[in-house]
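Here is start.tsv, consisting of TSV, C-alpha atoms:
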```tsv
chain	number	residue	atom	x	y	z
C	1	MET	CA	-15.93	-26.04	20.65
C	2	ARG	CA	-17.45	-28.07	17.82
C	3	ALA	CA	-18.89	-30.57	20.30
C	4	ASN	CA	-20.92	-27.77	21.91
C	5	ILE	CA	-22.30	-26.33	18.66
C	6	LYS	CA	-25.60	-27.68	17.35
C	7	THR	CA	-25.71	-25.47	14.26
C	8	ARG	CA	-24.70	-27.69	11.33
C	9	GLU	CA	-23.28	-26.95	7.90
C	10	GLY	CA	-25.84	-27.36	5.14
C	11	GLN	CA	-28.81	-26.90	7.50
C	12	PRO	CA	-31.11	-23.85	7.54
C	13	LEU	CA	-29.88	-21.32	10.08
C	14	ASP	CA	-32.14	-21.33	13.15
C	15	GLY	CA	-32.04	-18.36	15.49
C	16	GLU	CA	-32.90	-20.31	18.64
C	17	THR	CA	-30.26	-22.95	17.93
C	18	LEU	CA	-27.66	-20.25	17.27
C	19	ARG	CA	-28.51	-18.41	20.50
C	20	GLY	CA	-28.20	-21.69	22.35
C	21	ASP	CA	-24.76	-22.30	20.80
C	22	VAL	CA	-23.50	-18.89	21.88
C	23	ALA	CA	-24.91	-19.28	25.42
C	24	ARG	CA	-23.50	-22.79	25.74
C	25	ILE	CA	-19.97	-21.75	24.75
C	26	TYR	CA	-20.06	-18.64	26.94
C	27	GLY	CA	-21.25	-20.82	29.81
C	28	LEU	CA	-18.02	-22.82	29.62
C	29	ASP	CA	-16.49	-19.77	31.36
C	30	ASP	CA	-13.35	-19.90	29.20
C	31	PHE	CA	-14.02	-16.76	27.14
C	32	GLN	CA	-14.53	-13.08	27.86
C	33	SER	CA	-16.99	-12.77	24.99
C	34	VAL	CA	-18.60	-14.94	22.33
C	35	THR	CA	-19.94	-13.34	19.13
C	36	PHE	CA	-21.01	-14.56	15.71
C	37	ALA	CA	-21.05	-13.14	12.20
C	38	LEU	CA	-22.65	-14.33	8.97
C	39	ARG	CA	-20.24	-14.34	6.06
C	40	ASP	CA	-20.60	-15.33	2.41
C	41	ARG	CA	-19.04	-18.69	3.13
C	42	GLY	CA	-20.99	-19.36	6.32
C	43	MET	CA	-21.12	-18.49	10.00
C	44	VAL	CA	-18.05	-17.47	12.01
C	45	LEU	CA	-17.88	-17.57	15.80
C	46	GLY	CA	-15.65	-14.99	17.47
C	47	LEU	CA	-14.16	-16.29	20.72
C	48	LYS	CA	-12.24	-13.73	22.76
C	49	GLU	CA	-10.20	-15.39	25.46
C	50	LYS	CA	-10.10	-13.90	28.94
C	51	PRO	CA	-7.05	-11.71	29.55
C	52	TRP	CA	-6.73	-13.43	32.93
C	53	GLY	CA	-6.45	-17.15	33.66
C	54	PRO	CA	-6.39	-20.03	32.96
C	55	THR	CA	-5.50	-20.08	36.67
C	56	TYR	CA	-8.03	-18.24	38.83
C	57	VAL	CA	-7.58	-17.19	42.45
C	58	ARG	CA	-10.38	-15.99	44.74
C	59	PHE	CA	-10.36	-14.93	48.38
C	60	GLY	CA	-12.94	-14.62	51.11
C	61	ILE	CA	-13.22	-13.59	54.77
C	62	THR	CA	-15.91	-14.40	57.33
C	63	LEU	CA	-16.13	-12.82	60.78
C	64	VAL	CA	-18.64	-13.76	63.49
C	65	ASP	CA	-19.12	-12.00	66.83
C	66	ASP	CA	-21.84	-12.71	69.42
C	67	LEU	CA	-21.39	-9.20	70.91
C	68	GLN	CA	-20.48	-10.83	74.24
C	69	GLY	CA	-16.74	-11.22	73.74
C	70	ASN	CA	-16.84	-14.43	71.67
C	71	SER	CA	-15.79	-14.30	68.03
C	72	ASN	CA	-14.23	-16.37	65.29
C	73	TYR	CA	-12.91	-15.78	61.82
C	74	SER	CA	-12.08	-17.70	58.65
C	75	LEU	CA	-9.78	-16.80	55.78
C	76	LEU	CA	-10.59	-18.60	52.55
C	77	ALA	CA	-8.74	-19.01	49.28
C	78	ASN	CA	-9.69	-20.84	46.11
C	79	VAL	CA	-7.20	-21.66	43.36
C	80	THR	CA	-8.66	-23.23	40.21
C	81	ARG	CA	-6.58	-24.28	37.21
C	82	THR	CA	-8.75	-24.64	34.11
C	83	ARG	CA	-8.21	-26.13	30.64
C	84	LEU	CA	-5.72	-28.75	31.78
C	85	ASN	CA	-6.34	-30.80	28.64
C	86	ALA	CA	-8.39	-30.86	25.45
C	87	LEU	CA	-11.45	-32.21	27.30
C	88	GLY	CA	-11.48	-29.17	29.63
C	89	ALA	CA	-10.28	-30.69	32.92
C	90	GLU	CA	-10.13	-28.43	35.98
C	91	TRP	CA	-8.20	-28.71	39.25
C	92	ARG	CA	-9.90	-26.92	42.15
C	93	ASN	CA	-8.30	-26.25	45.55
C	94	ASP	CA	-10.07	-24.67	48.55
C	95	ILE	CA	-8.06	-23.60	51.59
C	96	ARG	CA	-9.64	-22.45	54.85
C	97	ILE	CA	-7.68	-20.98	57.77
C	98	GLY	CA	-9.13	-20.15	61.16
C	99	HIS	CA	-12.48	-21.54	62.28
C	100	ASP	CA	-13.08	-25.04	60.85
C	101	ALA	CA	-9.73	-25.04	59.06
C	102	GLY	CA	-9.18	-27.43	56.19
C	103	PHE	CA	-8.19	-28.20	52.62
C	104	TYR	CA	-10.19	-29.57	49.70
C	105	SER	CA	-8.80	-30.57	46.30
C	106	GLU	CA	-10.77	-31.96	43.34
C	107	LEU	CA	-9.80	-32.88	39.79
C	108	TYR	CA	-12.82	-32.45	37.51
C	109	GLN	CA	-12.24	-34.49	34.36
C	110	PRO	CA	-14.87	-34.51	31.57
C	111	LEU	CA	-15.10	-37.81	29.69
C	112	ASP	CA	-16.26	-36.38	26.36
C	113	PHE	CA	-15.83	-33.17	24.39
C	114	ARG	CA	-19.36	-31.96	25.21
C	115	GLY	CA	-18.51	-32.26	28.89
C	116	ARG	CA	-21.71	-34.12	29.67
C	117	PHE	CA	-20.14	-36.95	31.65
C	118	PHE	CA	-17.27	-36.56	34.11
C	119	VAL	CA	-15.21	-38.22	36.80
C	120	ALA	CA	-14.07	-36.29	39.88
C	121	PRO	CA	-11.59	-37.70	42.41
C	122	SER	CA	-11.04	-35.50	45.46
C	123	VAL	CA	-9.38	-35.37	48.87
C	124	THR	CA	-10.51	-33.50	51.98
C	125	MET	CA	-8.64	-32.67	55.17
C	126	ARG	CA	-10.42	-30.59	57.78
C	127	ARG	CA	-10.59	-29.95	61.48
C	128	LYS	CA	-13.91	-28.96	63.02
C	129	LYS	CA	-14.77	-27.95	66.54
C	130	LEU	CA	-18.33	-29.06	67.19
C	131	PRO	CA	-19.92	-27.18	70.11
C	132	PHE	CA	-22.53	-28.70	72.40
C	133	TYR	CA	-24.97	-26.45	74.23
C	134	ASP	CA	-27.32	-26.57	77.18
C	135	GLY	CA	-29.75	-23.91	76.03
C	136	ALA	CA	-27.61	-20.89	75.18
C	137	GLN	CA	-24.69	-22.06	77.35
C	138	ARG	CA	-21.86	-23.93	75.64
C	139	VAL	CA	-20.92	-26.91	77.82
C	140	ALA	CA	-18.42	-28.82	75.67
C	141	VAL	CA	-16.45	-28.77	72.42
C	142	TYR	CA	-15.94	-31.90	70.32
C	143	ASP	CA	-12.75	-31.79	68.23
C	144	VAL	CA	-13.08	-33.72	64.94
C	145	GLU	CA	-10.32	-34.24	62.37
C	146	ASP	CA	-11.46	-35.74	59.08
C	147	ARG	CA	-9.35	-37.07	56.20
C	148	THR	CA	-11.33	-38.39	53.24
C	149	ALA	CA	-10.73	-39.53	49.67
C	150	THR	CA	-13.68	-39.59	47.27
C	151	LEU	CA	-14.31	-40.78	43.73
C	152	ASP	CA	-17.42	-39.39	42.00
C	153	PHE	CA	-18.94	-40.07	38.61
C	154	GLY	CA	-21.47	-37.61	37.26
C	155	MET	CA	-23.44	-36.03	34.46
C	156	GLU	CA	-23.95	-32.38	33.62
C	157	LEU	CA	-27.61	-31.40	33.21
C	158	GLY	CA	-27.05	-28.78	30.54
C	159	HIS	CA	-27.44	-25.28	32.01
C	160	TRP	CA	-29.43	-26.68	34.93
C	161	GLY	CA	-26.75	-28.27	37.12
C	162	GLU	CA	-25.32	-31.71	37.70
C	163	ILE	CA	-25.96	-35.08	39.25
C	164	ARG	CA	-23.18	-37.23	40.69
C	165	ALA	CA	-22.65	-40.41	42.70
C	166	GLY	CA	-19.57	-42.02	44.18
C	167	VAL	CA	-17.78	-43.70	47.04
C	168	GLU	CA	-15.61	-42.34	49.82
C	169	ARG	CA	-13.13	-43.71	52.33
C	170	GLY	CA	-11.41	-42.00	55.22
C	171	THR	CA	-10.64	-41.63	58.90
C	172	VAL	CA	-12.21	-39.46	61.58
C	173	HIS	CA	-10.29	-38.75	64.79
C	174	ALA	CA	-12.54	-37.38	67.52
C	175	SER	CA	-11.79	-36.14	71.03
C	176	VAL	CA	-13.42	-33.92	73.66
C	177	ASP	CA	-11.54	-30.61	73.45
C	178	ALA	CA	-13.26	-28.88	76.37
C	179	GLY	CA	-15.99	-29.64	78.89
C	180	ALA	CA	-17.38	-32.92	80.19
C	181	ILE	CA	-19.54	-34.89	77.77
C	182	ASP	CA	-20.00	-38.58	77.08
C	183	LEU	CA	-18.95	-38.93	73.44
C	184	PRO	CA	-16.79	-41.57	71.70
C	185	GLU	CA	-13.11	-40.69	71.35
C	186	GLY	CA	-10.34	-42.07	69.18
C	187	SER	CA	-10.10	-42.95	65.48
C	188	ILE	CA	-13.15	-43.99	63.52
C	189	GLU	CA	-13.05	-45.36	60.00
C	190	HIS	CA	-15.69	-44.19	57.59
C	191	GLY	CA	-16.55	-45.44	54.14
C	192	GLY	CA	-19.72	-45.31	52.15
C	193	VAL	CA	-21.66	-44.24	49.12
C	194	ARG	CA	-22.85	-40.76	48.30
C	195	ALA	CA	-24.97	-39.00	45.72
C	196	SER	CA	-26.02	-35.42	45.03
C	197	LEU	CA	-28.20	-33.35	42.72
C	198	VAL	CA	-27.42	-29.67	42.15
C	199	VAL	CA	-29.76	-27.36	40.23
C	200	ILE	CA	-28.84	-23.68	39.79
C	201	ARG	CA	-31.21	-21.49	37.78
C	202	THR	CA	-30.50	-17.96	38.95
C	203	ASP	CA	-29.49	-14.79	37.16
C	204	SER	CA	-26.54	-14.24	39.51
C	205	PRO	CA	-24.36	-16.56	41.62
C	206	THR	CA	-23.94	-13.90	44.33
C	207	ILE	CA	-27.13	-11.84	44.88
C	208	PRO	CA	-29.86	-13.34	42.67
C	209	ARG	CA	-32.94	-11.37	41.61
C	210	GLU	CA	-34.66	-14.15	39.70
C	211	GLY	CA	-34.59	-17.95	39.79
C	212	GLY	CA	-33.84	-20.68	42.27
C	213	THR	CA	-31.38	-23.27	43.53
C	214	LEU	CA	-31.80	-26.84	44.78
C	215	LEU	CA	-29.33	-29.17	46.48
C	216	VAL	CA	-30.19	-32.78	47.40
C	217	GLU	CA	-27.56	-34.96	49.12
C	218	TYR	CA	-27.48	-38.58	50.27
C	219	TYR	CA	-24.80	-40.36	52.26
C	220	GLY	CA	-24.76	-43.97	53.38
C	221	SER	CA	-21.99	-45.24	55.65
C	222	ARG	CA	-21.43	-48.96	55.04
C	223	LYS	CA	-19.29	-51.44	56.96
C	224	ALA	CA	-18.71	-53.31	53.70
C	225	LEU	CA	-16.84	-50.21	52.48
C	226	GLY	CA	-14.78	-49.88	55.66
C	227	GLY	CA	-17.05	-47.74	57.81
C	228	THR	CA	-17.12	-48.26	61.57
C	229	ASP	CA	-20.74	-47.09	61.77
C	230	GLU	CA	-23.60	-48.03	59.48
C	231	TYR	CA	-26.15	-45.28	58.87
C	232	SER	CA	-27.83	-43.20	56.18
C	233	LYS	CA	-28.78	-39.54	55.89
C	234	LEU	CA	-30.69	-37.51	53.31
C	235	SER	CA	-30.95	-33.73	53.10
C	236	ALA	CA	-32.31	-31.10	50.74
C	237	SER	CA	-32.11	-27.31	50.61
C	238	GLY	CA	-33.25	-24.65	48.18
C	239	ASN	CA	-34.20	-21.01	47.64
C	240	TYR	CA	-36.26	-19.11	45.09
C	241	ALA	CA	-36.12	-15.39	44.26
C	242	VAL	CA	-38.53	-13.17	42.36
C	243	SER	CA	-38.29	-9.40	41.80
C	244	ARG	CA	-40.65	-6.52	41.27
C	245	GLY	CA	-38.68	-3.50	40.18
C	246	ARG	CA	-35.84	-2.99	42.64
C	247	GLN	CA	-37.46	-5.16	45.32
C	248	THR	CA	-36.61	-8.87	45.52
C	249	PHE	CA	-38.49	-11.47	47.56
C	250	ILE	CA	-36.98	-14.80	48.54
C	251	ALA	CA	-38.33	-17.99	50.09
C	252	GLY	CA	-36.62	-21.26	50.86
C	253	GLY	CA	-35.71	-23.84	53.39
C	254	ALA	CA	-33.92	-27.06	54.18
C	255	ALA	CA	-34.61	-30.41	55.79
C	256	GLY	CA	-32.74	-33.57	56.66
C	257	ALA	CA	-33.52	-37.04	58.00
C	258	ASN	CA	-31.61	-40.01	59.36
C	259	LEU	CA	-33.72	-42.53	57.39
C	260	ASP	CA	-34.49	-44.54	60.54
C	261	THR	CA	-30.80	-45.02	61.41
C	262	ARG	CA	-28.65	-43.61	64.22
C	263	LEU	CA	-26.25	-40.86	63.20
C	264	PRO	CA	-22.90	-40.60	65.03
C	265	ALA	CA	-22.31	-37.37	66.94
C	266	TYR	CA	-19.67	-36.15	64.47
C	267	ASP	CA	-22.09	-36.43	61.53
C	268	GLU	CA	-25.35	-35.08	62.96
C	269	PHE	CA	-27.26	-32.29	61.26
C	270	ARG	CA	-26.47	-28.86	62.70
C	271	LEU	CA	-28.18	-25.48	62.62
C	272	GLY	CA	-26.97	-22.04	63.63
C	273	GLY	CA	-25.00	-19.38	61.82
C	274	LEU	CA	-25.68	-16.94	59.02
C	275	LEU	CA	-28.87	-17.85	57.10
C	276	GLU	CA	-29.20	-21.00	59.20
C	277	LEU	CA	-30.98	-19.43	62.19
C	278	GLY	CA	-28.52	-16.55	62.31
C	279	GLY	CA	-29.27	-15.53	65.90
C	280	PHE	CA	-27.95	-18.88	67.16
C	281	ALA	CA	-24.29	-19.85	67.37
C	282	THR	CA	-22.89	-21.98	64.56
C	283	GLY	CA	-23.84	-25.59	65.28
C	284	GLN	CA	-25.79	-24.69	68.44
C	285	LEU	CA	-28.75	-26.88	67.44
C	286	HIS	CA	-27.98	-30.46	66.44
C	287	GLY	CA	-29.87	-33.68	65.88
C	288	GLU	CA	-30.68	-36.61	63.63
C	289	ARG	CA	-33.44	-34.68	61.83
C	290	TYR	CA	-33.87	-31.01	61.10
C	291	ALA	CA	-36.06	-28.50	59.28
C	292	LEU	CA	-35.55	-24.86	58.39
C	293	PHE	CA	-37.90	-22.32	56.77
C	294	ARG	CA	-36.76	-18.98	55.42
C	295	ALA	CA	-38.42	-15.88	53.92
C	296	GLY	CA	-37.04	-12.44	53.23
C	297	THR	CA	-36.75	-9.44	51.00
C	298	TYR	CA	-34.02	-7.06	49.88
C	299	ARG	CA	-33.91	-3.88	47.82
C	300	ARG	CA	-31.35	-2.62	45.35
C	301	LEU	CA	-30.66	0.81	46.84
C	302	ARG	CA	-28.35	2.08	44.12
C	303	ASP	CA	-26.37	0.90	41.14
C	304	LEU	CA	-22.59	0.75	41.10
C	305	PRO	CA	-20.48	1.85	38.13
C	306	PRO	CA	-19.88	-1.13	35.81
C	307	ALA	CA	-16.17	-1.09	36.66
C	308	MET	CA	-16.99	-1.56	40.37
C	309	GLY	CA	-19.86	-4.04	40.37
C	310	LYS	CA	-23.63	-4.23	40.20
C	311	GLY	CA	-25.27	-2.60	43.19
C	312	ILE	CA	-25.80	-1.93	46.90
C	313	TYR	CA	-28.55	-3.82	48.73
C	314	ALA	CA	-30.33	-3.86	52.10
C	315	GLY	CA	-32.84	-6.37	53.39
C	316	ALA	CA	-34.15	-8.67	56.09
C	317	VAL	CA	-34.66	-12.41	56.53
C	318	ILE	CA	-36.81	-14.27	59.06
C	319	GLU	CA	-36.20	-17.95	59.82
C	320	ALA	CA	-37.80	-20.75	61.79
C	321	GLY	CA	-36.25	-24.16	62.36
C	322	ASN	CA	-34.95	-26.79	64.75
C	323	ALA	CA	-33.00	-30.02	64.97
C	324	TRP	CA	-34.32	-33.07	66.81
C	325	MET	CA	-32.83	-36.24	68.23
C	326	ARG	CA	-34.40	-39.66	67.70
C	327	ASP	CA	-36.65	-39.52	70.77
C	328	GLU	CA	-37.79	-35.91	70.24
C	329	ARG	CA	-41.01	-35.02	68.46
C	330	ALA	CA	-40.75	-32.64	65.53
C	331	THR	CA	-43.59	-30.12	65.50
C	332	LEU	CA	-44.19	-26.58	64.30
C	333	ALA	CA	-44.71	-25.59	67.93
C	334	ASN	CA	-41.09	-26.25	68.91
C	335	LEU	CA	-39.44	-24.41	66.02
C	336	HIS	CA	-36.91	-21.74	67.01
C	337	ARG	CA	-37.05	-18.32	65.38
C	338	SER	CA	-34.47	-15.80	64.26
C	339	ALA	CA	-34.36	-12.53	62.26
C	340	THR	CA	-31.48	-11.02	60.30
C	341	LEU	CA	-30.91	-7.51	58.93
C	342	PHE	CA	-28.19	-6.94	56.36
C	343	VAL	CA	-26.60	-4.48	53.97
C	344	GLY	CA	-24.34	-5.56	51.16
C	345	ALA	CA	-22.76	-4.81	47.83
C	346	ASP	CA	-22.26	-6.98	44.77
C	347	THR	CA	-18.78	-5.91	43.64
C	348	ILE	CA	-16.31	-7.17	41.05
C	349	ALA	CA	-14.25	-8.53	43.97
C	350	GLY	CA	-17.25	-10.54	45.18
C	351	PRO	CA	-20.14	-9.86	47.54
C	352	ILE	CA	-19.59	-7.87	50.74
C	353	PHE	CA	-22.16	-8.26	53.54
C	354	ILE	CA	-22.61	-6.91	57.05
C	355	SER	CA	-25.40	-8.62	58.98
C	356	TYR	CA	-27.00	-8.45	62.42
C	357	ALA	CA	-29.09	-11.38	63.65
C	358	ARG	CA	-31.23	-11.82	66.77
C	359	ALA	CA	-32.69	-15.07	68.08
C	360	GLU	CA	-35.94	-15.53	69.97
C	361	THR	CA	-33.81	-16.09	73.09
C	362	GLY	CA	-32.50	-12.52	72.86
C	363	ASP	CA	-29.02	-13.62	71.73
C	364	ASP	CA	-27.37	-11.38	69.12
C	365	ARG	CA	-24.78	-12.09	66.47
C	366	PHE	CA	-22.85	-9.90	64.08
C	367	TYR	CA	-21.54	-11.26	60.76
C	368	MET	CA	-19.29	-9.85	58.09
C	369	THR	CA	-18.37	-11.65	54.88
C	370	VAL	CA	-16.04	-10.34	52.18
C	371	GLY	CA	-15.70	-12.15	48.88
C	372	LYS	CA	-17.08	-15.58	48.11
C	373	THR	CA	-17.35	-18.12	50.91
C	374	PHE	CA	-17.17	-21.01	48.39
```
Hey, can you dump this file as structure tokens for me?
Amino acid sequence: MRANIKTREGQPLDGETLRGDVARIYGLDDFQSVTFALRDRGMVLGLKEKPWGPTYVRFGITLVDDLQGNSNYSLLANVTRTRLNALGAEWRNDIRIGHDAGFYSELYQPLDFRGRFFVAPSVTMRRKKLPFYDGAQRVAVYDVEDRTATLDFGMELGHWGEIRAGVERGTVHASVDAGAIDLPEGSIEHGGVRASLVVIRTDSPTIPREGGTLLVEYYGSRKALGGTDEYSKLSASGNYAVSRGRQTFIAGGAAGANLDTRLPAYDEFRLGGLLELGGFATGQLHGERYALFRAGTYRRLRDLPPAMGKGIYAGAVIEAGNAWMRDERATLANLHRSATLFVGADTIAGPIFISYARAETGDDRFYMTVGKTF
């Protein structure tokens, strides 16, 4: 705790510094409440530990139905063990059953007591079914199994987010699961360098009313690190929310590029699914470059009792985007469009959403998410 406190003995007490100390310690997410009191002999911080933890378990469910007899589901669980040592190490495990099943495990180890620098080894095992479409008709399914080990080094950016960079090594096994399509099959080694920047400045991690998020990711597959293919890709996504009374307006988007290299089929950019052109099937649009624009609004219809959550919301989102292959021209004229209507609640068990999306092609999709989708 001392490493996160800037108020010093013998110095004049500064209100802004003290508020920053309290916010910084509360932001560690180890305590239910953080208070302070001024006594004759100095300042005393009151740290009330959470009555739950230090192991935290969260669950989530996603359901997707195209209203034509095709549906899929995912069951998600997250188990995080915090405070493994004096430096505040955490062990996070994500488990996904159903569509795109897999497992992710990361050990987050700070390197100093302030938690500014960290190292994060992780392993990933997942199985994805990548669909390929001719228009709205699915013509083939590419089955991809990925096993990867990663070692990241990073730095926390205060209350803003983090930046990290690292290397990864693994194996991809690909095969055509259904349909006739000319794609490489067999085992493919992958190894490369990666980097990411995450900025989160919102008032809520579930249904924000103010603030924005930004995610920038780079990956470079290198033969020198064991990769079969040599390519690079860069992507960025973000959203910003602003509220007027009970009405919230959001705007955002995403884009990605292949940096003048050729991406393998198993690692192309893909669009489709909730808040990624929701009227299209998950992964229906794919390519070596992509762009997505999003705008929407939602209203807080009513407040929930504090013991149940924050509120009930309803809103709409419109989107325009596309993914292009190397020989395709990217223009505003060939963007696809989609609109989504939703109702939801921000509860103590996590957000609950029911959404209906319609694409410009007339295709419909129904989504339901319960809890966090990690």
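Candidate residues C:Lys50, C:Lys128, C:Arg222, C:Lys310 were compared for distance to Glu168 of chain C, and the nearest is C:Arg222, using all atoms listed in the file.
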Handout entry: Nearby residues (all atoms listed in the file) at most 9 Å from segment 268-285 of chain C, same-chain spacing under 3 positions excluded, as a ChimeraX atom specification
Key = /C:64,66,130-133,135-136,138,256-258,263-265,288-290,292,294,317-324,336-340,355-367
Practice task
Would you work out the distance separating atom CA of Val198 of chain C from atom CA of Gly287 of chain C, expressed in Å to one decimal?
Solution key: 24.2 Å
Practice task
Find the residues near segment 297-307 of chain C: any atom within 10 Å, counting only C-alpha atoms, skip ones fewer than 3 places away on the same chain, and give them as a PyMOL selection string.
Solution key: chain C and resi 207+209+241-251+310-318+341-348
File of the preceding selection, C-alpha atoms, as an mmCIF file, in the frame of the given file:
```cif
data_model
loop_
_atom_site.group_PDB
_atom_site.id
_atom_site.type_symbol
_atom_site.label_atom_id
_atom_site.label_comp_id
_atom_site.auth_asym_id
_atom_site.auth_seq_id
_atom_site.Cartn_x
_atom_site.Cartn_y
_atom_site.Cartn_z
ATOM 1 C CA ILE C 207 -27.130 -11.840 44.880
ATOM 2 C CA ARG C 209 -32.940 -11.370 41.610
ATOM 3 C CA ALA C 241 -36.120 -15.390 44.260
ATOM 4 C CA VAL C 242 -38.530 -13.170 42.360
ATOM 5 C CA SER C 243 -38.290 -9.400 41.800
ATOM 6 C CA ARG C 244 -40.650 -6.520 41.270
ATOM 7 C CA GLY C 245 -38.680 -3.500 40.180
ATOM 8 C CA ARG C 246 -35.840 -2.990 42.640
ATOM 9 C CA GLN C 247 -37.460 -5.160 45.320
ATOM 10 C CA THR C 248 -36.610 -8.870 45.520
ATOM 11 C CA PHE C 249 -38.490 -11.470 47.560
ATOM 12 C CA ILE C 250 -36.980 -14.800 48.540
ATOM 13 C CA ALA C 251 -38.330 -17.990 50.090
ATOM 14 C CA LYS C 310 -23.630 -4.230 40.200
ATOM 15 C CA GLY C 311 -25.270 -2.600 43.190
ATOM 16 C CA ILE C 312 -25.800 -1.930 46.900
ATOM 17 C CA TYR C 313 -28.550 -3.820 48.730
ATOM 18 C CA ALA C 314 -30.330 -3.860 52.100
ATOM 19 C CA GLY C 315 -32.840 -6.370 53.390
ATOM 20 C CA ALA C 316 -34.150 -8.670 56.090
ATOM 21 C CA VAL C 317 -34.660 -12.410 56.530
ATOM 22 C CA ILE C 318 -36.810 -14.270 59.060
ATOM 23 C CA LEU C 341 -30.910 -7.510 58.930
ATOM 24 C CA PHE C 342 -28.190 -6.940 56.360
ATOM 25 C CA VAL C 343 -26.600 -4.480 53.970
ATOM 26 C CA GLY C 344 -24.340 -5.560 51.160
ATOM 27 C CA ALA C 345 -22.760 -4.810 47.830
ATOM 28 C CA ASP C 346 -22.260 -6.980 44.770
ATOM 29 C CA THR C 347 -18.780 -5.910 43.640
ATOM 30 C CA ILE C 348 -16.310 -7.170 41.050
#
```
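Interatomic distance, atom CA of Phe153 of chain C to atom CA of Phe103 of chain C: 21.3 Å.
In this model, the gap between atom CA of Tyr231 of chain C and atom CA of Asp327 of chain C comes to 16.9 Å.
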Draw an axis-aligned box tight on the listed atoms of segment 159-174 of chain C, then pad every side by 8 Å and write out centre and edge lengths in Å to one decimal as JSON.
```
{"center_x": -19.9, "center_y": -34.5, "center_z": 49.8, "size_x": 35.1, "size_y": 34.4, "size_z": 51.5}
```
Find the nearest atom pair between each residue of segment 84-161 of chain C and segment 19-38 of chain C for residues within 12 Å, count all atoms listed in the file, give distances in Å to one decimal, sort rows by chain and ascending number, and present the table as a tab-separated table.
```
residue	atom	partner	partner_atom	distance
C:Leu84	CA	C:Asp30	CA	12.0
C:Leu87	CA	C:Leu28	CA	11.7
C:Gly88	CA	C:Leu28	CA	9.1
C:Ala89	CA	C:Leu28	CA	11.5
C:Glu90	CA	C:Asp30	CA	11.4
C:Phe113	CA	C:Leu28	CA	11.8
C:Arg114	CA	C:Arg24	CA	10.1
C:Gly115	CA	C:Leu28	CA	9.5
C:Arg116	CA	C:Leu28	CA	11.9
C:Glu156	CA	C:Leu28	CA	11.9
C:Gly158	CA	C:Arg24	CA	8.5
C:His159	CA	C:Arg24	CA	7.8
C:Trp160	CA	C:Gly27	CA	11.3
C:Gly161	CA	C:Gly27	CA	11.8
```
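The shortest atom-to-atom distance to Ile181 of chain C, with all atoms listed in the file taken into account, belongs to C:Asp134 out of C:Asp134, C:Pro208, C:Ala291, C:Gly10.
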